[in-house]
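Reading through the structure tokens given below for one structure.
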Amino acid sequence: SQTIHQWPATLVQPVGSPLSLECTVEGTSNPNLYWYRQAAGRGLQLLFYSVGIGQISSEVPQNLSASRPQDRQFILSSKKLLLSDSGFYLCAWRGSLSYTFGSGTRLTVV
Amino acid sequence: KQEVTQIPAALSVPEGENLVLNCSFTDSAIYNLQWFRQDPGKGLTSLLLIQSSQREQTSGRLNASLDKSSGRSTLYIAASQPGDSATYLCAVREPGNQFYFGTGTSLTVIP
């Protein structure tokens with residue numbers, strides 16, 4: 001069966017520091033992978049999606065970037081975090097019919 | 001662009017009540033609709049998936065309906081329990097690669 005792993009679960013980072021969140025998928029090949037963000041009191045916002053290695057589409061221009069170095073690895077990064085980057089970040093894998101989400105990372109920028 | 005709205009934003013009910021959560025979307029050309037549950041600080045758990053050709057799906061005490069022509073879906077929860085307290089999200093998938101999420105309904109079931 002397919003599983004999706006996301007870490008860390010929580011992260012507190014100072015403004016201006018770098019960020020790296022990792023997501024890996026098991027049990028499938030060439031998955032479509034997504035990064036979503038959920039700010040406090042708001043809905044899910046699609047940040048990036050990837051249909052294959054090295055293929056990244058950005059939905060919202062911002063302080064973040066994404067990379068797909070391996071087929072089942074999707075990384076969300078920032079060179080310098082802003083206070084507005086605080087939120088709950090979710091990685092997702094899209095199967096033939098539905099989505100499966102990771103457990104999320106709670107990022108607090110202080 | 002597809003817009004997904006969920007009403008109400010928050011709902012508080014006593015234990016044992018039946019309740020309905022609403023989801024509306026602006027473009028009826030959808031591929032499917034999915035209902036999720038999100039517990040505080042946790043990821044999303046898929047509850048029910050309705051294909052565009054289906055009218056409803058049931059899982060235990062949950063029943064989701066879809067009226068594509070009117071752009072509406074409802075999630076019916078029977079005999080609510082305190083453990084049902086969570087945020088419920090609906091997501092519409094269009095043909096292709098894109099999902100659109102509602103802002104969610106925060107449900108509190110009072111013992």
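Chain labels run A, B, ... following the order of the structure tokens; each chain numbers its residues from 1, and ligands are numbered from 1 in the order shown.
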Write out as CSV the residues of chain A that have any atom within 6 Å of an atom of chain B, one row each with the nearest atom pair and its distance in Å to one decimal, counting only C-alpha atoms, sorted by chain and then rising number.
residue,atom,partner,partner_atom,distance
A:Arg42,CA,B:Thr103,CA,5.8
A:Gly43,CA,B:Thr103,CA,3.8
A:Phe101,CA,B:Leu44,CA,5.7
A:Gly102,CA,B:Gly43,CA,5.8
A:Ser103,CA,B:Gly43,CA,4.0
A:Gly104,CA,B:Gly43,CA,5.0
Worksheet item: chain B: which residues are strand (DSSP E) by DSSP, as a ChimeraX atom specification?
Response: /B:4-7,10-14,19-25,32-38,44-51,56-59,62-67,72-77,86-93,99-101,105-110
Quick one: residues within 8 Å of A:Glu26, only C-alpha atoms, excluding same-chain residues fewer than 3 positions away - as a tab-separated table (two decimals) with N, CA and C atoms, in the first residue's frame?
chain	number	residue	atom	x	y	z
A	1	SER	N	0.84	-1.18	0.00
A	1	SER	CA	0.00	0.00	0.00
A	1	SER	C	0.88	1.24	0.00
A	2	GLN	N	0.28	2.33	-0.45
A	2	GLN	CA	1.03	3.57	-0.54
A	2	GLN	C	1.02	4.32	0.79
A	3	THR	N	2.14	4.85	1.17
A	3	THR	CA	2.23	5.67	2.36
A	3	THR	C	3.02	6.93	2.04
A	4	ILE	N	2.73	7.96	2.81
A	4	ILE	CA	3.41	9.23	2.61
A	4	ILE	C	3.96	9.70	3.94
A	72	ARG	N	10.35	9.84	-5.63
A	72	ARG	CA	9.41	9.79	-4.52
A	72	ARG	C	9.79	10.75	-3.39
Worksheet entry | Which residue of A:Pro69, A:Pro8, A:Gly87, A:Gly52 approaches A:Ser20 most closely, using only C-alpha atoms |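 Of all the options, A:Pro8 lies closest to A:Ser20.
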Practice prompt. Give me the residues within 8 Å of A:Cys23 as a ChimeraX atom specification, counting only C-alpha atoms and dropping any in the same chain fewer than 5 places off.
Written response: /A:4-7,73-75,91,102
Discussion item. Need to verify the contact set: stretch 65-76 of chain B, 9 Å, only C-alpha atoms, exclusion of same-chain residues closer than 4 positions in sequence. Can you return it as a PyMOL selection string?
Written reply: chain B and resi 18-30+33+35+50-58+61+90
Export of prior selection with N, CA and C atoms as a PDB file, in the first residue's frame:
ATOM      1  N   ASN B  18     -28.075  14.721  14.804  1.00  0.00           N
ATOM      2  CA  ASN B  18     -27.704  14.554  13.407  1.00  0.00           C
ATOM      3  C   ASN B  18     -27.388  15.933  12.839  1.00  0.00           C
ATOM      4  N   LEU B  19     -26.392  16.008  11.961  1.00  0.00           N
ATOM      5  CA  LEU B  19     -26.037  17.315  11.436  1.00  0.00           C
ATOM      6  C   LEU B  19     -25.637  17.227   9.967  1.00  0.00           C
ATOM      7  N   VAL B  20     -25.695  18.383   9.315  1.00  0.00           N
ATOM      8  CA  VAL B  20     -25.353  18.469   7.887  1.00  0.00           C
ATOM      9  C   VAL B  20     -24.341  19.582   7.670  1.00  0.00           C
ATOM     10  N   LEU B  21     -23.288  19.249   6.966  1.00  0.00           N
ATOM     11  CA  LEU B  21     -22.295  20.238   6.555  1.00  0.00           C
ATOM     12  C   LEU B  21     -22.453  20.460   5.055  1.00  0.00           C
ATOM     13  N   ASN B  22     -22.317  21.703   4.654  1.00  0.00           N
ATOM     14  CA  ASN B  22     -22.561  22.068   3.270  1.00  0.00           C
ATOM     15  C   ASN B  22     -21.294  22.488   2.539  1.00  0.00           C
ATOM     16  N   CYS B  23     -21.236  22.150   1.283  1.00  0.00           N
ATOM     17  CA  CYS B  23     -20.130  22.525   0.405  1.00  0.00           C
ATOM     18  C   CYS B  23     -20.720  22.930  -0.938  1.00  0.00           C
ATOM     19  N   SER B  24     -20.335  24.089  -1.434  1.00  0.00           N
ATOM     20  CA  SER B  24     -20.806  24.511  -2.757  1.00  0.00           C
ATOM     21  C   SER B  24     -19.613  24.881  -3.630  1.00  0.00           C
ATOM     22  N   PHE B  25     -19.767  24.670  -4.920  1.00  0.00           N
ATOM     23  CA  PHE B  25     -18.691  24.963  -5.854  1.00  0.00           C
ATOM     24  C   PHE B  25     -19.280  25.643  -7.080  1.00  0.00           C
ATOM     25  N   THR B  26     -18.466  26.446  -7.741  1.00  0.00           N
ATOM     26  CA  THR B  26     -18.989  27.342  -8.780  1.00  0.00           C
ATOM     27  C   THR B  26     -18.994  26.723 -10.180  1.00  0.00           C
ATOM     28  N   ASP B  27     -18.097  25.771 -10.435  1.00  0.00           N
ATOM     29  CA  ASP B  27     -18.015  25.161 -11.762  1.00  0.00           C
ATOM     30  C   ASP B  27     -18.424  23.702 -11.652  1.00  0.00           C
ATOM     31  N   SER B  28     -19.501  23.337 -12.322  1.00  0.00           N
ATOM     32  CA  SER B  28     -20.043  21.982 -12.169  1.00  0.00           C
ATOM     33  C   SER B  28     -19.259  20.928 -12.949  1.00  0.00           C
ATOM     34  N   ALA B  29     -18.292  21.344 -13.741  1.00  0.00           N
ATOM     35  CA  ALA B  29     -17.502  20.388 -14.535  1.00  0.00           C
ATOM     36  C   ALA B  29     -16.407  19.781 -13.669  1.00  0.00           C
ATOM     37  N   ILE B  30     -16.809  18.965 -12.707  1.00  0.00           N
ATOM     38  CA  ILE B  30     -15.847  18.376 -11.791  1.00  0.00           C
ATOM     39  C   ILE B  30     -15.621  16.915 -12.117  1.00  0.00           C
ATOM     40  N   LEU B  33     -15.463  14.732  -5.956  1.00  0.00           N
ATOM     41  CA  LEU B  33     -15.473  15.572  -4.761  1.00  0.00           C
ATOM     42  C   LEU B  33     -15.103  14.691  -3.574  1.00  0.00           C
ATOM     43  N   TRP B  35     -14.430  14.505   0.724  1.00  0.00           N
ATOM     44  CA  TRP B  35     -14.571  15.081   2.062  1.00  0.00           C
ATOM     45  C   TRP B  35     -13.430  14.574   2.938  1.00  0.00           C
ATOM     46  N   ILE B  50     -16.706  11.007  -3.794  1.00  0.00           N
ATOM     47  CA  ILE B  50     -17.852  10.836  -4.685  1.00  0.00           C
ATOM     48  C   ILE B  50     -17.409  11.164  -6.103  1.00  0.00           C
ATOM     49  N   GLN B  51     -17.575  10.231  -7.005  1.00  0.00           N
ATOM     50  CA  GLN B  51     -17.278  10.490  -8.410  1.00  0.00           C
ATOM     51  C   GLN B  51     -18.377  11.374  -9.002  1.00  0.00           C
ATOM     52  N   SER B  52     -18.060  12.036 -10.079  1.00  0.00           N
ATOM     53  CA  SER B  52     -19.020  12.975 -10.676  1.00  0.00           C
ATOM     54  C   SER B  52     -20.293  12.276 -11.150  1.00  0.00           C
ATOM     55  N   SER B  53     -20.198  10.972 -11.423  1.00  0.00           N
ATOM     56  CA  SER B  53     -21.367  10.221 -11.897  1.00  0.00           C
ATOM     57  C   SER B  53     -22.217   9.668 -10.752  1.00  0.00           C
ATOM     58  N   GLN B  54     -21.727   9.837  -9.534  1.00  0.00           N
ATOM     59  CA  GLN B  54     -22.433   9.295  -8.371  1.00  0.00           C
ATOM     60  C   GLN B  54     -23.259  10.370  -7.687  1.00  0.00           C
ATOM     61  N   ARG B  55     -24.260   9.913  -6.921  1.00  0.00           N
ATOM     62  CA  ARG B  55     -25.114  10.849  -6.188  1.00  0.00           C
ATOM     63  C   ARG B  55     -24.769  10.879  -4.708  1.00  0.00           C
ATOM     64  N   GLU B  56     -24.295   9.743  -4.190  1.00  0.00           N
ATOM     65  CA  GLU B  56     -23.952   9.719  -2.772  1.00  0.00           C
ATOM     66  C   GLU B  56     -23.012   8.561  -2.463  1.00  0.00           C
ATOM     67  N   GLN B  57     -22.359   8.705  -1.290  1.00  0.00           N
ATOM     68  CA  GLN B  57     -21.494   7.663  -0.760  1.00  0.00           C
ATOM     69  C   GLN B  57     -21.724   7.595   0.744  1.00  0.00           C
ATOM     70  N   THR B  58     -21.632   6.394   1.273  1.00  0.00           N
ATOM     71  CA  THR B  58     -21.875   6.199   2.703  1.00  0.00           C
ATOM     72  C   THR B  58     -20.718   5.421   3.318  1.00  0.00           C
ATOM     73  N   ARG B  61     -21.475   6.167   9.909  1.00  0.00           N
ATOM     74  CA  ARG B  61     -22.445   7.207  10.242  1.00  0.00           C
ATOM     75  C   ARG B  61     -22.377   8.399   9.286  1.00  0.00           C
ATOM     76  N   CYS B  90     -14.099  20.007   2.299  1.00  0.00           N
ATOM     77  CA  CYS B  90     -14.437  19.381   1.027  1.00  0.00           C
ATOM     78  C   CYS B  90     -13.466  19.872  -0.032  1.00  0.00           C
TER      79      CYS B  90
END
Practice prompt. Do a neighbour search on B:Pro40 at 10 Å with only C-alpha atoms, toss out local chain neighbours closer than 5 positions, and write the hits as a list in words.
Written response: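 The filter keeps Ser85, Ala86 and Thr87 of chain B.
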Discussion item. Which residues are close to A:Leu107, i.e. within 12 Å by only C-alpha atoms, leaving aside same-chain residues fewer than 6 positions away? Reply as a PyMOL selection string.
Written reply: (chain A and resi 7-15+19-21+37-40+81-90) or (chain B and resi 41)
Worksheet item: Between atom CA of B:Lys1 and atom CA of A:Ala92, what is the distance, to one decimal in Å?
Response: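 Answer for the atom CA of B:Lys1 to atom CA of A:Ala92 separation: 21.4 Å.
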